[in-house]
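Enquirer: Enclosed is the structure file target14.txt (compact mmCIF, C-alpha atoms and all ligand atoms).
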```txt
# COMPACT_ATOMS: atom_id res chain seq x y z
CA MET A 1 -21.26 -57.01 0.14
CA ARG A 2 -20.21 -53.41 0.49
CA VAL A 3 -16.84 -53.43 2.23
CA ALA A 4 -14.90 -50.40 3.49
CA MET A 5 -11.22 -50.27 4.36
CA LEU A 6 -9.09 -47.85 6.34
CA THR A 7 -5.38 -47.62 7.15
CA GLY A 8 -4.51 -46.07 10.52
CA GLY A 9 -1.41 -45.09 12.50
CA GLY A 10 2.08 -44.75 11.04
CA ASP A 11 2.20 -45.86 7.43
CA CYS A 12 4.05 -48.99 6.45
CA PRO A 13 5.31 -50.59 3.22
CA GLY A 14 2.75 -53.23 2.19
CA LEU A 15 -0.50 -51.41 3.03
CA ASN A 16 -1.41 -51.07 -0.64
CA ALA A 17 -0.58 -54.74 -1.23
CA VAL A 18 -3.13 -55.70 1.46
CA MET A 19 -5.88 -53.58 -0.10
CA ARG A 20 -5.09 -54.83 -3.59
CA ALA A 21 -5.46 -58.45 -2.40
CA VAL A 22 -8.69 -57.75 -0.51
CA VAL A 23 -10.25 -56.14 -3.55
CA ARG A 24 -9.02 -58.71 -6.05
CA ARG A 25 -10.47 -61.61 -4.06
CA GLY A 26 -13.59 -59.70 -3.01
CA GLU A 27 -14.55 -58.46 -6.48
CA ARG A 28 -13.63 -61.55 -8.42
CA THR A 29 -14.87 -64.24 -6.05
CA TYR A 30 -17.74 -62.61 -4.18
CA GLY A 31 -18.82 -59.65 -6.35
CA ASP A 32 -18.10 -57.23 -3.47
CA GLU A 33 -17.98 -53.45 -3.81
CA PHE A 34 -15.31 -51.42 -2.01
CA LEU A 35 -14.62 -47.96 -0.67
CA GLY A 36 -11.76 -46.51 1.34
CA PHE A 37 -12.14 -44.17 4.27
CA VAL A 38 -9.50 -41.48 3.78
CA ASP A 39 -6.86 -40.87 6.49
CA GLY A 40 -7.78 -43.60 8.95
CA TRP A 41 -10.50 -43.08 11.54
CA ARG A 42 -10.60 -39.37 10.61
CA GLY A 43 -12.19 -40.31 7.28
CA VAL A 44 -14.82 -42.39 9.05
CA ILE A 45 -15.67 -39.56 11.46
CA ASP A 46 -15.81 -36.94 8.68
CA GLY A 47 -17.39 -39.25 6.10
CA VAL A 48 -14.58 -38.79 3.56
CA THR A 49 -14.23 -41.73 1.18
CA MET A 50 -12.67 -42.75 -2.10
CA PRO A 51 -13.62 -45.57 -4.46
CA LEU A 52 -11.51 -48.71 -4.36
CA SER A 53 -11.55 -51.41 -7.01
CA VAL A 54 -9.27 -53.74 -8.90
CA GLU A 55 -8.84 -50.92 -11.44
CA THR A 56 -8.07 -48.10 -8.95
CA LEU A 57 -5.53 -50.28 -7.14
CA ARG A 58 -3.66 -51.43 -10.22
CA GLY A 59 0.08 -50.75 -10.01
CA THR A 60 0.08 -50.26 -6.24
CA LEU A 61 1.66 -53.58 -5.21
CA PRO A 62 5.23 -52.21 -5.08
CA ARG A 63 4.22 -48.78 -3.85
CA GLY A 64 5.04 -47.82 -0.25
CA GLY A 65 2.74 -45.82 2.01
CA THR A 66 -1.01 -46.01 1.62
CA VAL A 67 -3.01 -44.62 -1.29
CA ILE A 68 -5.97 -43.90 1.02
CA GLY A 69 -3.93 -41.95 3.58
CA SER A 70 -3.48 -42.48 7.29
CA SER A 71 -3.71 -40.55 10.56
CA ARG A 72 -3.44 -41.11 14.27
CA THR A 73 -7.02 -39.94 14.91
CA ASN A 74 -8.74 -41.69 17.82
CA PRO A 75 -12.58 -41.53 17.65
CA PHE A 76 -12.76 -42.31 21.36
CA LYS A 77 -10.81 -39.09 22.12
CA ILE A 78 -13.08 -36.84 20.04
CA ASP A 79 -16.46 -35.59 21.25
CA GLY A 80 -19.10 -37.50 19.32
CA GLY A 81 -16.37 -39.39 17.42
CA VAL A 82 -17.78 -42.86 17.96
CA ASP A 83 -21.34 -41.85 17.04
CA ALA A 84 -19.99 -40.13 13.93
CA CYS A 85 -18.19 -43.35 12.94
CA GLN A 86 -21.33 -45.41 13.32
CA ALA A 87 -23.39 -42.83 11.40
CA SER A 88 -20.86 -42.87 8.53
CA LEU A 89 -20.94 -46.65 8.29
CA GLU A 90 -24.73 -46.48 7.99
CA ARG A 91 -24.70 -43.57 5.56
CA PHE A 92 -22.28 -45.31 3.19
CA GLU A 93 -24.19 -48.60 3.64
CA VAL A 94 -21.07 -50.40 4.79
CA ASP A 95 -21.68 -54.08 5.53
CA ALA A 96 -18.15 -54.70 6.79
CA LEU A 97 -15.08 -52.67 7.68
CA ILE A 98 -11.50 -53.87 7.36
CA ALA A 99 -9.22 -51.86 9.67
CA ILE A 100 -5.54 -52.15 8.78
CA GLY A 101 -3.34 -50.85 11.56
CA GLY A 102 -1.30 -51.38 14.68
CA ASP A 103 -2.12 -51.46 18.34
CA ASP A 104 -4.00 -48.14 18.37
CA THR A 105 -6.08 -48.62 15.21
CA LEU A 106 -6.94 -52.19 16.12
CA GLY A 107 -7.74 -51.14 19.70
CA VAL A 108 -10.40 -48.80 18.30
CA ALA A 109 -11.62 -51.59 16.00
CA ASP A 110 -11.94 -53.92 18.98
CA LYS A 111 -14.00 -51.40 20.94
CA LEU A 112 -16.24 -50.75 17.93
CA ALA A 113 -16.72 -54.50 17.46
CA GLY A 114 -17.94 -54.52 21.05
CA ARG A 115 -20.61 -52.04 19.95
CA GLY A 116 -21.76 -54.29 17.15
CA VAL A 117 -19.72 -52.89 14.26
CA HIS A 118 -18.85 -55.53 11.65
CA VAL A 119 -15.09 -55.08 11.68
CA VAL A 120 -12.11 -57.29 10.87
CA GLY A 121 -8.49 -56.32 11.58
CA VAL A 122 -5.24 -56.64 9.65
CA PRO A 123 -2.04 -56.17 11.68
CA LYS A 124 0.50 -53.63 10.50
CA THR A 125 3.60 -52.02 11.99
CA ILE A 126 7.21 -51.75 10.95
CA ASP A 127 8.07 -52.15 14.66
CA ASN A 128 6.76 -55.77 14.63
CA ASP A 129 5.65 -55.33 18.25
CA LEU A 130 2.02 -56.43 17.83
CA SER A 131 1.01 -59.44 19.92
CA ALA A 132 -0.75 -62.54 18.54
CA THR A 133 1.07 -62.43 15.19
CA GLU A 134 4.63 -63.60 14.69
CA LEU A 135 5.31 -60.96 12.07
CA THR A 136 3.78 -57.82 10.65
CA PHE A 137 4.45 -56.64 7.09
CA GLY A 138 6.72 -53.60 6.85
CA PHE A 139 9.13 -55.04 9.41
CA ASP A 140 11.21 -56.93 6.87
CA THR A 141 11.48 -53.79 4.73
CA ALA A 142 12.55 -51.68 7.70
CA VAL A 143 15.17 -54.25 8.71
CA GLN A 144 16.50 -54.33 5.15
CA ILE A 145 16.81 -50.53 5.03
CA ALA A 146 18.49 -50.37 8.45
CA THR A 147 20.89 -53.18 7.54
CA GLU A 148 21.94 -51.43 4.34
CA ALA A 149 22.55 -48.24 6.34
CA ILE A 150 24.68 -50.13 8.87
CA ASP A 151 26.70 -51.75 6.06
CA ARG A 152 27.43 -48.29 4.68
CA LEU A 153 28.32 -46.88 8.08
CA HIS A 154 30.92 -49.62 8.64
CA THR A 155 33.20 -48.36 5.90
CA THR A 156 33.13 -44.72 6.91
CA ALA A 157 33.48 -45.66 10.61
CA GLU A 158 36.58 -47.72 9.79
CA SER A 159 38.13 -45.01 7.59
CA HIS A 160 37.86 -42.46 10.39
CA HIS A 161 38.27 -44.81 13.37
CA ARG A 162 35.00 -43.60 14.77
CA VAL A 163 32.12 -44.89 16.79
CA MET A 164 28.88 -44.65 14.84
CA VAL A 165 25.59 -44.64 16.71
CA VAL A 166 22.60 -45.65 14.53
CA GLU A 167 19.14 -44.88 15.90
CA VAL A 168 16.38 -47.05 14.46
CA MET A 169 12.63 -47.13 15.12
CA GLY A 170 11.17 -49.26 17.89
CA ARG A 171 9.11 -47.49 20.48
CA HIS A 172 8.26 -50.33 22.88
CA ALA A 173 10.32 -53.16 21.45
CA GLY A 174 13.71 -53.51 19.80
CA HIS A 175 12.91 -55.92 16.96
CA ILE A 176 14.29 -53.68 14.20
CA ALA A 177 17.41 -52.92 16.25
CA VAL A 178 18.11 -56.58 17.03
CA TRP A 179 17.49 -57.91 13.52
CA SER A 180 19.38 -55.14 11.70
CA GLY A 181 22.10 -55.18 14.35
CA ILE A 182 22.69 -58.92 13.96
CA ALA A 183 22.48 -58.69 10.15
CA GLY A 184 24.75 -55.64 10.03
CA GLY A 185 27.34 -56.90 12.51
CA ALA A 186 26.78 -54.25 15.17
CA THR A 187 29.23 -53.83 18.01
CA MET A 188 26.36 -53.32 20.43
CA ILE A 189 22.55 -53.23 20.28
CA LEU A 190 20.48 -51.25 22.81
CA ILE A 191 16.76 -51.92 23.08
CA PRO A 192 13.81 -50.79 25.24
CA GLU A 193 13.51 -54.24 26.83
CA GLU A 194 17.04 -54.05 28.30
CA PRO A 195 17.84 -50.72 29.99
CA PHE A 196 21.51 -49.96 29.34
CA ASP A 197 24.26 -48.73 31.60
CA ILE A 198 26.17 -46.01 29.77
CA GLU A 199 29.42 -46.78 31.62
CA ALA A 200 29.15 -50.47 30.71
CA VAL A 201 28.64 -49.51 27.05
CA CYS A 202 31.71 -47.26 27.16
CA SER A 203 33.95 -49.78 28.87
CA ALA A 204 32.98 -52.46 26.31
CA LEU A 205 33.89 -50.04 23.52
CA ARG A 206 37.21 -49.20 25.22
CA ASP A 207 38.01 -52.89 25.52
CA ARG A 208 37.23 -53.50 21.84
CA HIS A 209 39.22 -50.51 20.64
CA GLU A 210 42.21 -51.06 22.93
CA ASN A 211 42.49 -54.84 23.17
CA HIS A 212 40.96 -56.21 19.99
CA GLY A 213 42.61 -53.98 17.39
CA LYS A 214 39.27 -52.64 16.22
CA TYR A 215 39.27 -48.90 16.32
CA ALA A 216 35.77 -48.48 14.90
CA SER A 217 32.37 -49.49 16.23
CA ILE A 218 28.71 -49.45 15.33
CA VAL A 219 26.18 -49.06 18.14
CA VAL A 220 22.56 -49.68 17.10
CA VAL A 221 20.00 -48.10 19.43
CA ALA A 222 16.22 -48.39 19.27
CA GLU A 223 14.48 -45.04 19.68
CA GLY A 224 12.70 -46.33 22.82
CA ALA A 225 15.88 -47.57 24.54
CA VAL A 226 16.41 -46.14 28.01
CA PRO A 227 19.47 -45.72 30.16
CA SER A 228 19.10 -47.76 33.35
CA GLU A 229 19.66 -44.80 35.61
CA GLY A 230 17.01 -42.55 34.07
CA SER A 231 14.33 -42.16 31.49
CA ALA A 232 14.63 -41.75 27.70
CA SER A 233 15.63 -38.41 26.38
CA LEU A 234 12.80 -36.98 24.31
CA VAL A 235 13.06 -34.53 21.48
CA SER A 236 9.58 -33.09 22.02
CA GLY A 237 6.85 -33.30 24.61
CA GLU A 238 4.20 -33.60 21.89
CA VAL A 239 1.66 -36.32 22.55
CA ASP A 240 -0.72 -37.81 19.97
CA GLN A 241 -4.38 -38.84 20.51
CA PHE A 242 -3.28 -42.27 21.69
CA GLY A 243 -0.98 -40.72 24.33
CA HIS A 244 2.34 -41.49 22.60
CA VAL A 245 5.16 -38.99 23.05
CA ARG A 246 7.12 -38.29 19.87
CA LEU A 247 10.47 -40.06 20.26
CA GLY A 248 13.76 -39.57 18.47
CA GLY A 249 16.86 -38.26 20.13
CA ILE A 250 18.40 -41.05 22.17
CA GLY A 251 20.97 -41.64 19.39
CA MET A 252 22.34 -38.12 19.67
CA VAL A 253 22.38 -38.21 23.48
CA LEU A 254 24.20 -41.54 23.40
CA ALA A 255 26.77 -40.39 20.82
CA ASN A 256 27.61 -37.32 22.93
CA ALA A 257 27.91 -39.41 26.09
CA ILE A 258 30.18 -41.98 24.38
CA GLU A 259 32.48 -39.30 22.96
CA GLU A 260 32.66 -37.47 26.27
CA ARG A 261 33.42 -40.60 28.32
CA THR A 262 35.76 -42.47 25.94
CA GLY A 263 37.36 -39.66 23.97
CA TYR A 264 36.57 -41.60 20.74
CA GLU A 265 35.20 -39.48 17.94
CA THR A 266 31.52 -40.44 17.68
CA ARG A 267 28.76 -39.62 15.20
CA ALA A 268 25.03 -40.28 15.27
CA THR A 269 22.76 -41.26 12.38
CA ILE A 270 19.01 -41.18 12.95
CA LEU A 271 17.34 -43.31 10.27
CA GLY A 272 13.84 -42.13 11.21
CA HIS A 273 11.11 -42.29 8.60
CA VAL A 274 13.46 -43.51 5.87
CA GLN A 275 12.74 -46.92 7.43
CA ARG A 276 9.03 -46.54 6.74
CA GLY A 277 9.16 -45.17 3.21
CA GLY A 278 9.51 -46.69 -0.21
CA THR A 279 8.82 -50.02 -1.78
CA PRO A 280 8.13 -53.15 0.32
CA THR A 281 10.46 -56.14 0.11
CA ALA A 282 9.21 -59.26 -1.69
CA PHE A 283 8.62 -60.89 1.70
CA ASP A 284 6.41 -58.02 2.89
CA ARG A 285 4.46 -58.00 -0.39
CA VAL A 286 3.71 -61.69 -0.01
CA LEU A 287 2.77 -61.44 3.67
CA ALA A 288 0.56 -58.41 3.01
CA THR A 289 -1.12 -60.24 0.12
CA ARG A 290 -1.79 -63.30 2.28
CA PHE A 291 -3.23 -61.08 5.03
CA GLY A 292 -5.45 -59.28 2.52
CA ILE A 293 -6.94 -62.46 1.11
CA ALA A 294 -7.47 -63.86 4.63
CA ALA A 295 -9.17 -60.60 5.70
CA ILE A 296 -11.82 -60.69 2.97
CA GLU A 297 -12.39 -64.39 3.71
CA ALA A 298 -12.87 -63.42 7.39
CA VAL A 299 -15.44 -60.83 6.30
CA HIS A 300 -17.39 -63.47 4.38
CA ALA A 301 -17.15 -65.81 7.36
CA GLY A 302 -18.63 -63.07 9.58
CA ALA A 303 -15.56 -63.19 11.85
CA TRP A 304 -16.28 -59.81 13.46
CA GLY A 305 -13.87 -58.59 16.11
CA GLN A 306 -11.15 -60.90 14.74
CA MET A 307 -7.77 -60.16 13.24
CA VAL A 308 -5.76 -62.13 10.71
CA ALA A 309 -2.36 -63.20 12.02
CA LEU A 310 0.74 -65.21 11.14
CA GLN A 311 1.31 -68.15 13.45
CA ALA A 312 3.73 -71.00 12.76
CA GLY A 313 3.81 -70.02 9.10
CA ASP A 314 0.03 -70.14 8.66
CA ILE A 315 -2.48 -67.31 8.43
CA VAL A 316 -5.03 -67.71 11.22
CA ARG A 317 -7.76 -65.62 12.90
CA VAL A 318 -7.41 -64.38 16.46
CA PRO A 319 -9.66 -62.11 18.55
CA LEU A 320 -8.54 -58.47 18.22
CA ILE A 321 -8.28 -58.23 21.99
CA GLU A 322 -5.38 -60.71 21.93
CA ALA A 323 -3.39 -58.37 19.71
CA VAL A 324 -3.85 -55.04 21.48
CA GLY A 325 -2.72 -53.51 24.75
CA LYS A 326 0.44 -55.53 25.32
CA PRO A 327 3.43 -55.27 22.97
CA LYS A 328 5.28 -58.32 21.71
CA LEU A 329 8.83 -57.93 22.98
CA VAL A 330 12.16 -59.20 21.68
CA ASP A 331 12.80 -62.82 22.62
CA PRO A 332 15.52 -62.74 25.33
CA ALA A 333 17.05 -65.86 23.75
CA LEU A 334 17.65 -63.92 20.52
CA TYR A 335 19.12 -60.92 22.33
CA HIS A 336 21.25 -62.69 24.94
CA GLY A 337 21.86 -65.95 23.14
CA VAL A 338 22.65 -64.62 19.65
CA ALA A 339 23.08 -60.83 19.38
CA GLU A 340 25.14 -60.47 22.55
CA VAL A 341 27.69 -63.07 21.40
CA PHE A 342 29.06 -60.46 18.99
CA PHE A 343 28.97 -57.44 21.29
CA ALA A 344 32.20 -55.43 21.41
CA SER A 345 34.54 -58.28 20.61
O1 LIG B 401 4.52 -46.85 13.37
C1 LIG B 401 5.40 -47.00 14.44
C2 LIG B 401 6.44 -45.91 14.41
O2 LIG B 401 7.15 -46.05 13.23
C3 LIG B 401 7.33 -45.90 15.65
O3 LIG B 401 8.45 -46.70 15.59
C4 LIG B 401 7.68 -44.44 15.74
O4 LIG B 401 7.98 -44.10 17.07
C5 LIG B 401 6.44 -43.77 15.29
O5 LIG B 401 5.80 -44.64 14.40
C6 LIG B 401 6.69 -42.44 14.61
O6 LIG B 401 5.46 -41.87 14.34
P1 LIG B 401 5.20 -40.56 13.48
O7 LIG B 401 5.23 -40.98 12.05
O8 LIG B 401 3.86 -40.11 13.92
O9 LIG B 401 6.31 -39.61 13.78
```
Translate the structure of the given file into C-alpha cells.

Expert:
Amino acid sequence: MRVAMLTGGGDCPGLNAVMRAVVRRGERTYGDEFLGFVDGWRGVIDGVTMPLSVETLRGTLPRGGTVIGSSRTNPFKIDGGVDACQASLERFEVDALIAIGGDDTLGVADKLAGRGVHVVGVPKTIDNDLSATELTFGFDTAVQIATEAIDRLHTTAESHHRVMVVEVMGRHAGHIAVWSGIAGGATMILIPEEPFDIEAVCSALRDRHENHGKYASIVVVAEGAVPSEGSASLVSGEVDQFGHVRLGGIGMVLANAIEERTGYETRATILGHVQRGGTPTAFDRVLATRFGIAAIEAVHAGAWGQMVALQAGDIVRVPLIEAVGKPKLVDPALYHGVAEVFFAS
C-alpha cells in the first residue's frame, strides 16, 4: 500500500518514534511505501510531501519534535481546503493516511473519514487531555521536565524564603500540573478544572509560612487555570484556526497577586515550550512505538475512522469521534484525594 503520514498541532516528543515504527512494520512486513505530508494539514492542502522510509527515519527515535513539520492549519477553515486535501490524496495515490495529532488534527481526520477518506488516527499531546486513551506520548516527558524544574526551584526558593510560582502547560486540563506538582512536592497546584480563590491561596500560604516554619513555597499553576471570580488572564488575543486563544500569563498575574496580598517576595517561572522540546523519555518512546505499530496494523485491517489508544495497559482501536470534542480531565480523586493532602502544610 501507499501510506501517507502527517503530524498536526503542537509538536510533541515521540512523534518521530511513531513514524519510525509505522514505517519499520509497514515496509518490512507488508512491503508498504510511505510519504509524509509536510507541516500537518497544510502539506496536504498544498501538496507538499517528503519521502519516508526506514532509511530516512534512521536515528530519529530519540529526537524530539517532528521531522516532517507541523502546523495548526484547519482545512475546514480554508476556502477549498477540504477539496484540496482530497485532490492531493488522489494525486499522490495515497491508499491510507495516518494522522498523528491531538483533538484538532483528529477532529479533521474524523470529518474526512466521514467523507470516505481512508484515515487512521494516532493520539498525541503533551497535555494528556485527549479522551478515549489513558495516556498520550509526550506527557511523561513534559512531566519529567516540569518536575526537574520544580526540584531546582525548591532550593532557590528556600535560600531566599520566597514563593515560586511555576506555570506549566495545560489548556483545558491540569494533568501536567498535578503530576509534576505531586512529584515535585508543590505547596499548591492550581488547575483549569478547579477554579481557585486567590484569597484562599494566600491564606494557605500565610498559614504555612507563619505556623509551619516553612518560609518558602512552590505554587504550580496550569496555564488554563482560572480564578473563581473571573476569567483567565491572557497574554494575547491571538486565535488560531481552531479557535484557541494563545495562553500564557496566569503565572505572572498570580505571582504579583500573591506578593501584593501576602507581602512575601514572589517570583514566576513560565516553563512554556521547554516542556515540549527535546528528547522523549523511555516511556514515551515505547508508547509511541506501540502506537505506531498498532496504527499500521489498523491500516491493513481497513479500520478507517479509528484511532489507536491505550486502555488498561493494552493498545486498542476506538472510533475517532470518541476521542475528539471533549477533553479528558484530571481525576478528582487524584487532585482532592492525593495532591491536596500536601497543600500548604
Ligand atoms: O499542544 C498543546 C499545547 O502545548 C498547549 O498546552 C499550549 O497551550 C499550546 O500547545 C501552545 O501552542 P503553541 O505552540 O501554538 O504556542

Enquirer: Tell me which of A:Gln144, A:Thr73, A:Gln275, A:Thr269 sits closest to Gly181 (chain A), counting all atoms listed in the file.

Expert: A:Gln144

Enquirer: I'd like the neighbourhood of region 55-70 of chain A as a ChimeraX atom specification, where a residue qualifies if any of its atoms comes within 9 Å (using all atoms listed in the file), though same-chain residues fewer than 2 positions away should be ignored.

Expert: /A:5-20,23,36-43,49-53,72-73,276-282,285,289

Enquirer: Using all atoms listed in the file, find each protein or nucleic acid residue lying at most 10 Å from ligand LIG 401 (chain B); present the set as a PyMOL selection string.

Expert: chain A and resi 8-12+71-72+101-104+124-129+138-139+142+168-174+176+222-224+239-240+244-248+272-273+275-276

Enquirer: Could you jot down the CA of Arg162 (chain A) to CA of Thr266 (chain A) separation for me, Å, one decimal place?

Expert: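 Spanning CA of Arg162 (chain A) to CA of Thr266 (chain A) is a straight-line distance of 5.5 Å.
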
Enquirer: Report, in Å with one decimal, the straight-line distance from CA of Gly121 (chain A) to CA of Ala323 (chain A).

Expert: 9.8 Å

Enquirer: Mind giving me the straight-line distance from CA of Gly302 (chain A) to CA of Val119 (chain A) in Å, one decimal?

Expert: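 One can read the CA of Gly302 (chain A) to CA of Val119 (chain A) distance as 9.0 Å.
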
Enquirer: Using only C-alpha atoms - which residues lie no farther than 9 Å from the point (-9.7, -53.9, 23.4) in the file's frame? Write them as JSON, numbers by chain.

Expert: {"A": [106, 107, 108, 109, 110, 111, 114, 320, 321, 322, 323, 324, 325]}

Enquirer: From the list A:Met164, A:Leu89, A:Ala204, A:Ile78, which residue is nearest Phe343 (chain A) when using only C-alpha atoms?

Expert: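 When distances to Phe343 (chain A) are compared using only C-alpha atoms, the smallest one comes from A:Ala204.
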
Enquirer: Using all atoms listed in the file, can you list as a PyMOL selection string the residues within 8 Å of (-17.4, -51.4, 1.9)?

Expert: chain A and resi 1-5+32-36+92-97

Enquirer: Which is closer to His175 (chain A) than all the others in A:Asp140, A:Asp314, A:Asp151, A:Glu27, using all atoms listed in the file?

Expert: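 Closest to His175 (chain A) of all the choices is A:Asp140.
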
Enquirer: In terms of the shortest atom-to-atom distance over all atoms listed in the file, which of A:Val82, A:Ile182, A:Val163, A:Val338 is closest to Arg206 (chain A)?

Expert: A:Val163

Enquirer: If we count all atoms listed in the file and set the cut-off at 10 Å, which residues sit around Ala132 (chain A), ignoring sequence neighbours fewer than 5 positions away in its own chain? Please answer as an MDAnalysis selection string.

Expert: chainID A and resid 123 307:311 316:324 326:328
